[in-house]
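Structure file final-v1.tsv; described as TSV, C-alpha atoms.
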chain	number	residue	atom	x	y	z
M	259	ASP	CA	204.01	46.20	74.99
M	260	THR	CA	201.04	48.01	76.38
M	261	LEU	CA	197.45	47.52	75.36
M	262	PRO	CA	195.76	50.49	73.75
M	263	THR	CA	193.47	52.50	75.96
M	264	GLU	CA	189.94	53.49	74.95
M	265	ASP	CA	191.33	56.81	73.75
M	266	THR	CA	193.64	55.14	71.25
M	267	ILE	CA	191.27	52.50	69.80
M	268	GLU	CA	190.09	53.46	66.35
M	269	ASP	CA	186.82	52.16	64.90
M	270	THR	CA	187.59	50.97	61.39
M	271	SER	CA	184.21	49.41	60.71
M	272	SER	CA	182.28	50.59	57.72
M	273	THR	CA	178.55	51.13	57.34
M	274	GLY	CA	178.56	50.52	53.59
M	275	PRO	CA	180.43	51.12	50.35
M	276	GLY	CA	181.98	54.54	50.19
M	277	ASP	CA	181.09	55.38	53.79
M	278	SER	CA	183.62	57.04	56.04
M	279	GLY	CA	183.25	54.38	58.70
M	280	THR	CA	181.12	56.51	60.98
M	281	PRO	CA	177.69	54.96	61.41
M	282	GLU	CA	174.77	57.26	60.73
M	283	THR	CA	172.45	58.01	63.63
M	284	VAL	CA	168.88	57.21	62.73
M	285	GLU	CA	166.06	58.51	64.88
M	286	PRO	CA	163.30	55.96	65.45
M	287	PRO	CA	159.93	56.97	64.03
M	288	GLU	CA	157.55	58.60	66.48
M	289	LEU	CA	154.92	56.08	67.45
M	290	ASP	CA	151.27	57.05	67.13
M	291	PHE	CA	148.71	55.12	69.16
M	292	GLY	CA	145.78	57.42	68.35
M	293	ALA	CA	143.59	54.74	66.75
M	294	GLU	CA	144.20	52.32	69.61
M	295	LEU	CA	143.53	55.03	72.22
M	296	ASP	CA	140.25	55.84	70.46
M	297	ALA	CA	139.23	52.16	70.50
M	298	LEU	CA	140.52	51.10	73.94
M	299	CYS	CA	139.36	52.56	77.23
M	300	VAL	CA	139.06	52.06	80.95
M	301	ASN	CA	135.34	51.39	80.75
M	302	GLU	CA	134.55	50.72	84.39
M	303	PHE	CA	136.19	50.11	87.78
M	304	MET	CA	135.25	49.23	91.35
M	305	PRO	CA	137.55	50.35	94.18
M	306	GLY	CA	135.45	48.85	97.01
M	307	ASN	CA	134.45	45.35	95.94
M	308	ALA	CA	133.05	44.03	99.23
M	309	PHE	CA	130.73	41.34	97.83
M	310	SER	CA	129.73	42.22	94.26
M	311	TYR	CA	132.13	40.20	92.14
M	312	ALA	CA	134.04	37.17	93.45
M	313	VAL	CA	136.92	35.39	91.76
M	314	ASP	CA	137.95	32.13	93.41
M	315	GLY	CA	136.17	33.28	96.59
M	316	SER	CA	138.00	36.62	96.79
M	317	TYR	CA	136.67	40.14	96.24
M	318	TRP	CA	139.39	42.30	94.70
M	319	ASP	CA	139.05	45.79	93.33
M	320	TRP	CA	138.82	45.60	89.55
M	321	ILE	CA	139.32	47.63	86.40
M	322	GLU	CA	137.57	46.78	83.15
M	323	LEU	CA	139.17	47.56	79.79
M	324	TYR	CA	137.04	47.53	76.66
M	325	ASN	CA	138.12	47.35	73.02
M	326	GLN	CA	135.33	48.96	71.02
M	327	GLY	CA	137.34	48.61	67.82
M	328	ALA	CA	137.04	46.12	64.98
M	329	VAL	CA	140.52	44.59	65.41
M	330	PRO	CA	142.47	43.13	68.35
M	331	ILE	CA	144.76	45.56	70.17
M	332	PRO	CA	148.17	44.22	71.28
M	333	LEU	CA	149.03	45.58	74.73
M	334	ASP	CA	152.81	45.07	74.56
M	335	GLY	CA	154.28	48.10	76.33
M	336	TRP	CA	150.90	49.47	77.47
M	337	SER	CA	150.39	50.14	81.17
M	338	LEU	CA	147.80	50.63	83.90
M	339	THR	CA	148.28	52.71	87.02
M	340	ASP	CA	146.57	54.18	90.05
M	341	ASP	CA	148.89	57.22	90.02
M	342	GLU	CA	149.49	59.37	86.94
M	343	ASP	CA	152.93	60.28	88.32
M	344	SER	CA	153.84	56.60	87.96
M	345	PRO	CA	152.30	55.71	84.57
M	346	THR	CA	154.08	52.37	84.28
M	347	ALA	CA	152.99	50.91	87.63
M	348	PHE	CA	151.89	47.80	85.71
M	349	VAL	CA	153.16	47.07	82.20
M	350	PHE	CA	151.19	44.39	80.38
M	351	PRO	CA	153.12	41.19	79.69
M	352	ALA	CA	154.36	40.66	76.14
M	353	GLY	CA	151.80	38.90	74.00
M	354	THR	CA	148.80	40.32	75.87
M	355	GLN	CA	146.04	41.62	73.64
M	356	ILE	CA	142.38	42.56	73.85
M	357	GLU	CA	140.18	41.11	71.16
M	358	ALA	CA	137.80	43.34	69.19
M	359	GLY	CA	134.62	43.90	71.19
M	360	ALA	CA	136.07	42.31	74.34
M	361	TYR	CA	135.67	43.42	77.95
M	362	VAL	CA	138.61	42.30	80.11
M	363	LEU	CA	138.89	42.59	83.89
M	364	TRP	CA	142.13	43.34	85.71
M	365	PHE	CA	142.13	42.78	89.46
M	366	ALA	CA	143.72	45.47	91.62
M	367	SER	CA	144.72	42.93	94.26
M	368	GLY	CA	148.14	44.41	94.94
M	369	ASP	CA	149.83	41.08	94.12
M	370	VAL	CA	150.70	39.96	90.58
M	371	ALA	CA	151.72	36.56	91.99
M	372	LEU	CA	148.02	35.76	92.49
M	373	GLY	CA	147.78	34.98	88.80
M	374	PRO	CA	147.02	36.40	85.40
M	375	ASN	CA	145.16	39.70	85.28
M	376	HIS	CA	146.33	40.77	88.76
M	377	LEU	CA	147.86	44.21	89.27
M	378	PRO	CA	150.61	45.25	91.71
M	379	PHE	CA	148.38	47.94	93.23
M	380	SER	CA	144.93	48.26	94.74
M	381	LEU	CA	142.47	51.11	94.31
M	382	ASP	CA	141.82	53.58	97.12
M	383	GLN	CA	138.10	53.64	97.82
M	384	ASP	CA	138.48	57.19	99.21
M	385	GLY	CA	139.47	58.39	95.73
M	386	GLU	CA	142.50	58.52	93.48
M	387	GLN	CA	143.15	57.80	89.79
M	388	VAL	CA	143.00	55.07	87.20
M	389	GLY	CA	145.19	55.53	84.15
M	390	LEU	CA	145.73	53.64	80.89
M	391	PHE	CA	148.83	54.51	78.87
M	392	ALA	CA	150.13	53.53	75.44
M	393	PRO	CA	153.85	52.68	75.12
M	394	ASN	CA	154.62	56.31	74.16
M	395	LEU	CA	152.87	57.35	77.44
M	396	ASP	CA	149.90	58.97	75.70
M	397	GLY	CA	146.79	57.95	77.53
M	398	GLU	CA	143.89	58.78	79.76
M	399	VAL	CA	143.67	59.35	83.51
M	400	VAL	CA	140.37	59.17	85.36
M	401	ASP	CA	140.25	60.96	88.72
M	402	PHE	CA	137.61	59.75	91.15
M	403	ASP	CA	136.34	60.73	94.58
M	404	ALA	CA	135.19	58.41	97.38
M	405	ILE	CA	133.01	55.55	96.17
M	406	THR	CA	130.79	53.39	98.39
M	407	ASP	CA	131.31	49.62	98.70
M	408	ASP	CA	130.05	47.64	95.71
M	409	VAL	CA	129.44	50.70	93.55
M	410	ALA	CA	131.29	50.91	90.26
M	411	ALA	CA	132.36	53.98	88.33
M	412	LEU	CA	131.33	53.33	84.74
M	413	ARG	CA	130.80	55.10	81.47
M	414	SER	CA	127.11	55.66	80.73
M	415	SER	CA	127.74	54.03	77.37
M	416	ASP	CA	130.85	52.00	76.61
M	417	CYS	CA	133.97	54.12	76.01
M	418	CYS	CA	132.03	57.40	75.73
M	419	VAL	CA	133.99	60.55	76.60
M	420	ASP	CA	133.29	62.49	79.82
M	421	CYS	CA	130.25	60.39	80.69
M	422	TRP	CA	131.12	58.77	84.02
M	423	VAL	CA	128.30	57.65	86.32
M	424	THR	CA	128.11	55.19	89.22
M	425	GLY	CA	126.14	51.96	89.36
M	426	TRP	CA	125.36	49.43	92.07
M	427	THR	CA	127.49	46.25	91.55
M	428	GLY	CA	128.54	47.46	88.09
M	429	THR	CA	128.61	45.35	84.95
M	430	PRO	CA	132.01	43.61	85.13
M	431	GLY	CA	132.92	41.94	81.85
M	432	ALA	CA	129.81	43.20	80.05
M	433	SER	CA	128.42	46.27	78.34
M	434	ASN	CA	127.40	49.17	80.53

Write the structure described by the file as structure tokens, please.
Amino acid sequence: DTLPTEDTIEDTSSTGPGDSGTPETVEPPELDFGAELDALCVNEFMPGNAFSYAVDGSYWDWIELYNQGAVPIPLDGWSLTDDEDSPTAFVFPAGTQIEAGAYVLWFASGDVALGPNHLPFSLDQDGEQVGLFAPNLDGEVVDFDAITDDVAALRSSDCCVDCWVTGWTGTPGASN
């Protein structure tokens, strides 16, 4: 006796009463993160943190996210990047969320092993990009030019659109 090959195996499973045995293909619903993208933003970042903001004695580049909404935003599947061609450079760990009204710092140290809130990339002080993407890869990319040590790029009011300015030492973890 020979075993049947893949070509001769017949699927006799049924998907329900009266069905022909061929499962129906169901397209997943298109996800819409519009409300979350309106509420959540890259609010500020510092690519040349020489001595402005220390964490455990170290001065890493940092990116501040702000949730201006009235409800927490789960970040499962969301990502941060320093290159829009690689939008998933850092995908937030499952269970991560930003509370309503919260400012959260992420350290662009280049080493996630340094602890929570560390990113696998650093920011280029001579200019590049910072991007925040929803799981469906809708998002926002901020291009920036060279920025001097200890100067932050920040929104002139929290999460405003097209209102980037620079500020000495920035306002990490607080309102701009």

**Message:** Could you list, as number ranges by chain, every residue within 6 Å of Val388 of chain M, counting all atoms listed in the file and ignoring same-chain residues fewer than 3 positions away?
**Reply:** M: 339-340, 399-400

Output C-alpha atoms for every residue in that selection, as an mmCIF file, keeping the file's coordinate frame.
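Output file part19.cif is given in full below:
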data_model
loop_
_atom_site.group_PDB
_atom_site.id
_atom_site.type_symbol
_atom_site.label_atom_id
_atom_site.label_comp_id
_atom_site.auth_asym_id
_atom_site.auth_seq_id
_atom_site.Cartn_x
_atom_site.Cartn_y
_atom_site.Cartn_z
ATOM 1 C CA THR M 339 148.280 52.710 87.020
ATOM 2 C CA ASP M 340 146.570 54.180 90.050
ATOM 3 C CA VAL M 399 143.670 59.350 83.510
ATOM 4 C CA VAL M 400 140.370 59.170 85.360
#

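Checking M:Leu390, M:Ala360, M:Gly335, M:Asn301 one by one against Ser415 of chain M, counting all atoms listed in the file, you find the shortest gap at M:Asn301.
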
**Asked** So which residues touch Leu381 of chain M within 9 Å, counting only C-alpha atoms, skipping near sequence neighbours fewer than 6 positions away, as a ChimeraX atom specification?
**Response** /M:304-306,319-320,340,366-368,387-388

**Prompt:** Hey, which of M:Glu322, M:Glu294, M:Asp314, M:Asp369 ends up closest to Asn434 of chain M? Count all atoms listed in the file.
**Reply:**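 Among the listed residues, the smallest separation from Asn434 of chain M belongs to M:Glu322.
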
Near His376 of chain M, within 6 Å and counting all atoms listed in the file, which residues show up once chain neighbours fewer than 4 positions away are dropped, as a PDB file with C-alpha atoms, in the coordinates of the input?
ATOM      1  CA  TRP M 364     142.130  43.340  85.710  1.00  0.00           C
ATOM      2  CA  PHE M 365     142.130  42.780  89.460  1.00  0.00           C
ATOM      3  CA  VAL M 370     150.700  39.960  90.580  1.00  0.00           C
TER       4      VAL M 370
END

**From M:Val419, M:Ile405, M:Ala410, M:Leu323, residue lying nearest Cys299 of chain M [all atoms listed in the file]** =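 Counting all atoms listed in the file, the residue closest to Cys299 of chain M is M:Leu323.
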
**Item:** d(atom CA of Ala328 of chain M, atom CA of Gly431 of chain M) in Å
**Value:**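 Taking atom CA of Ala328 of chain M and atom CA of Gly431 of chain M, their separation equals 17.9 Å.
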
**Prompt:** atom CA of Phe379 of chain M and atom CA of Asn394 of chain M are how many Å apart?
**Reply:**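 Atom CA of Asn394 of chain M lies 21.7 Å from atom CA of Phe379 of chain M.
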
**Message:** Please list as a ChimeraX atom specification every residue within 7 Å of segment 342-350 of chain M, counting all atoms listed in the file and excluding residues in the same chain fewer than 2 positions away.
**Reply:** /M:333-340,352,354,377-378,389,391,399

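When atom CA of Leu298 of chain M is paired with atom CA of Asp341 of chain M, their separation reads 19.1 Å.
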